[in-house]
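See below for the structure under consideration.
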Amino acid sequence: MTSPREILSILALLSCSASLPAQHIGMNPQQAPFSRLNSSRTETRTINGTIHDTNNSPLKDVRVELRDPGGNVVNSVETNSSGSFEFSLIPAGTYLVVATSGLRQASESVDTSAFPAMVSLRMPADKPEDGVAGHSISVMQYRIPAKAREEYRKAHEALAKGKMEEAGRHLAKALALCPDYADALTLRGVLELNQNDSQAAIADLDKAIKADGNYAMAYMVMGSALNMESKFDEAIRTLQRGESLAPDLWQAYFEMGKAYIGKADYPSALRQLERAENIAPLEYPLIHLLRGQALLGMKQYPEAMTALQAFLQKDPQGPNSEHARKMLERAQAFMANK
């Protein structure tokens with residue numbers, strides 16, 4: 001199904017653009033102006049991932065290679081009993097994650113420059129006889145015509161190179177050949193969100209979910225898009241469905257945390273953020289920022305200050321640092337006046 005290069009690009013995008021209420025002391029947080037979150041990192045990255053079969057069972061002892069754009073193997077690991085693997089201290093850039101088990105293979109391109117990467121591969125029982133490789137395959141994908149998958153593959157490669165218009169052209173061809181191609185619909189949703197056309201993206205993601213109701217990533221992306229639209233209840237329901245299909249994807253909990261903040265349900269937001277932090281890369285500062293917002297909403301100012309200071313320590317010059325400093329100043333001012 002759709003590669004985490006697309007999915008994590010969209011989740012990075014959605015972390016950039018999903019609406020979150022700015023916390024103002026004395027203001028109703030549901031009426032507060034919304035701010036945009038951006039995920040910009042300057043340090044080394046971590047690539048986390050899981051390998052499952054088509055029945056969603058984790059696969060142990062699968063060899064996973066990390067390859068650079070030239071095809072050179074940067075590192076290799078094997079999955080553990082939960083089907084998980086990790087590549088740490090990876091310089092920012094685009095890589096190909098290739099999982100091999102016997103004659104089966106699945107791979108995904110992932111860009112770590114804007115977001116800590118989470119890869120979720122699904123290992124097919126057999127390769128479809130169409131000569132297409134380079135992405136994970138679900139049962140539904142066996143029904144996709146080879147020519148449509150080839151156009152999708154070209155779109156995938158164009159996106160990895162930042163060629164958005166070219167990717168869009170290939171996706172249009174793929175969807176002309178197979179209108180219910182969930183991979184292509186989801187990837188087109190990525191491009192539409194990149195153009196701030198959330199309505200078009202939601203329409204495509206809805207089609208993707210209807211085309212493959214067991215496709216977890218489409219639910220993740222849809223939930224993020226609904227967060228952008230401030231449709232928080234819908235986002236939570238959608239993300240919960242995606243989480244039930246792929247419980248190892250920390251972005252589901254991260255996005256649910258954002259949705260609960262939008263609903264001013266701060267205790268629930270904190271629980272979801274804790275779950276995200278437990279399985280996310282260790283150095284993902286936006287979790288601290290969201291925790292700070294939730295704690296401010298609960299008027300737990302010392303704890304909020306700690307969370308915001310942790311964020312600023314990890315990302316002092318990032319695009320969200322000024323927003324964090326303003327929240328920290330408000331919390332400090334409140335504490336000083338007590």
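Residue numbering restarts at 1 for every chain of the structure tokens, chains are lettered A, B, ... in their displayed order, and ligands are numbered from 1 as they appear.
For Leu185 of chain A, the residues within 7 Å (counting only C-alpha atoms, excluding itself and residues fewer than 3 positions away along the chain) are Tyr181, Ala182, Arg188, Gly189, Asp204, Leu205 and Ala208 of chain A.
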Save the residues we just selected, N, CA and C atoms, as an mmCIF file, in the first residue's frame?
data_model
loop_
_atom_site.group_PDB
_atom_site.id
_atom_site.type_symbol
_atom_site.label_atom_id
_atom_site.label_comp_id
_atom_site.auth_asym_id
_atom_site.auth_seq_id
_atom_site.Cartn_x
_atom_site.Cartn_y
_atom_site.Cartn_z
ATOM 1 N N TYR A 181 -7.752 3.037 -6.906
ATOM 2 C CA TYR A 181 -6.398 2.682 -6.487
ATOM 3 C C TYR A 181 -6.081 3.452 -5.201
ATOM 4 N N ALA A 182 -6.143 2.775 -4.065
ATOM 5 C CA ALA A 182 -6.018 3.456 -2.766
ATOM 6 C C ALA A 182 -4.672 4.135 -2.600
ATOM 7 N N ARG A 188 -2.287 11.298 -3.969
ATOM 8 C CA ARG A 188 -2.840 12.528 -4.521
ATOM 9 C C ARG A 188 -3.362 13.424 -3.400
ATOM 10 N N GLY A 189 -3.886 12.814 -2.349
ATOM 11 C CA GLY A 189 -4.276 13.611 -1.194
ATOM 12 C C GLY A 189 -3.101 14.349 -0.582
ATOM 13 N N ASP A 204 -10.418 12.569 -1.768
ATOM 14 C CA ASP A 204 -9.593 11.468 -2.267
ATOM 15 C C ASP A 204 -9.321 10.437 -1.182
ATOM 16 N N LEU A 205 -9.087 10.898 0.029
ATOM 17 C CA LEU A 205 -8.827 9.957 1.121
ATOM 18 C C LEU A 205 -10.063 9.139 1.445
ATOM 19 N N ALA A 208 -10.084 6.476 -1.010
ATOM 20 C CA ALA A 208 -9.057 5.474 -0.700
ATOM 21 C C ALA A 208 -9.542 4.511 0.375
#
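For the set A:Asp197, A:Asp248, A:Glu277, A:Asp183, the residue with the smallest atom-to-atom gap to Tyr152 of chain A is A:Asp183, counting only C-alpha atoms.
For the pair atom CA of Lys163 of chain A and atom CA of Val97 of chain A, the separation is 20.4 Å.
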Name the residues in contact with Arg241 of chain A at a cut-off of 12 Å, using only C-alpha atoms, excluding same-chain residues fewer than 2 positions from it; report them as JSON, numbers by chain. {"A": [209, 213, 214, 215, 216, 217, 218, 219, 220, 221, 222, 223, 234, 235, 236, 237, 238, 239, 243, 244, 245, 246, 247, 252, 253, 256]}
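For the pair atom CA of Val73 of chain A and atom CA of Gly168 of chain A, the separation is 29.6 Å.
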Residue set, segment 78-244 of chain A restricted to strand (DSSP E or B), as JSON, numbers by chain: {"A": [78, 84, 85, 86, 87, 88, 89, 90, 94, 95, 96, 97, 98, 99, 100, 101, 104, 105, 106, 107, 108, 109, 110, 111, 117, 118, 119, 120, 121, 122, 123]}
May I have the residues within 10 Å of segment 265-270 of chain A as a PyMOL selection string, using only C-alpha atoms and disregarding those fewer than 4 positions away in the same chain? chain A and resi 253-261+274-276+287+290-298
Residues of segment 248-327 of chain A in helix (DSSP H, G or I) according to DSSP, as a ChimeraX atom specification? /A:250-262,266-279,286-297,301-314,321-327
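The interatomic distance for the pair atom CA of Glu192 of chain A and atom CA of Met118 of chain A works out to 21.6 Å.
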So which residues touch Leu171 of chain A within 12 Å, counting only C-alpha atoms, skipping near sequence neighbours fewer than 4 positions away, as a ChimeraX atom specification? /A:147-159,164-167,175-192,204
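Distance check against Thr306 of chain A using only C-alpha atoms: of A:Leu96, A:Leu286, A:Leu249, A:Leu328, the minimum falls on A:Leu328.
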Which residue gives the smallest distance to Gln300 of chain A among A:Gln332, A:Asn320, A:Thr44, A:Ser224, with only C-alpha atoms counted? A:Gln332
Could you name the residues that touch Thr79 of chain A at 8 Å or less, counting only C-alpha atoms, but leaving out those on the same chain fewer than 4 positions away, as a PyMOL selection string? chain A and resi 50-51+59-64+83-85
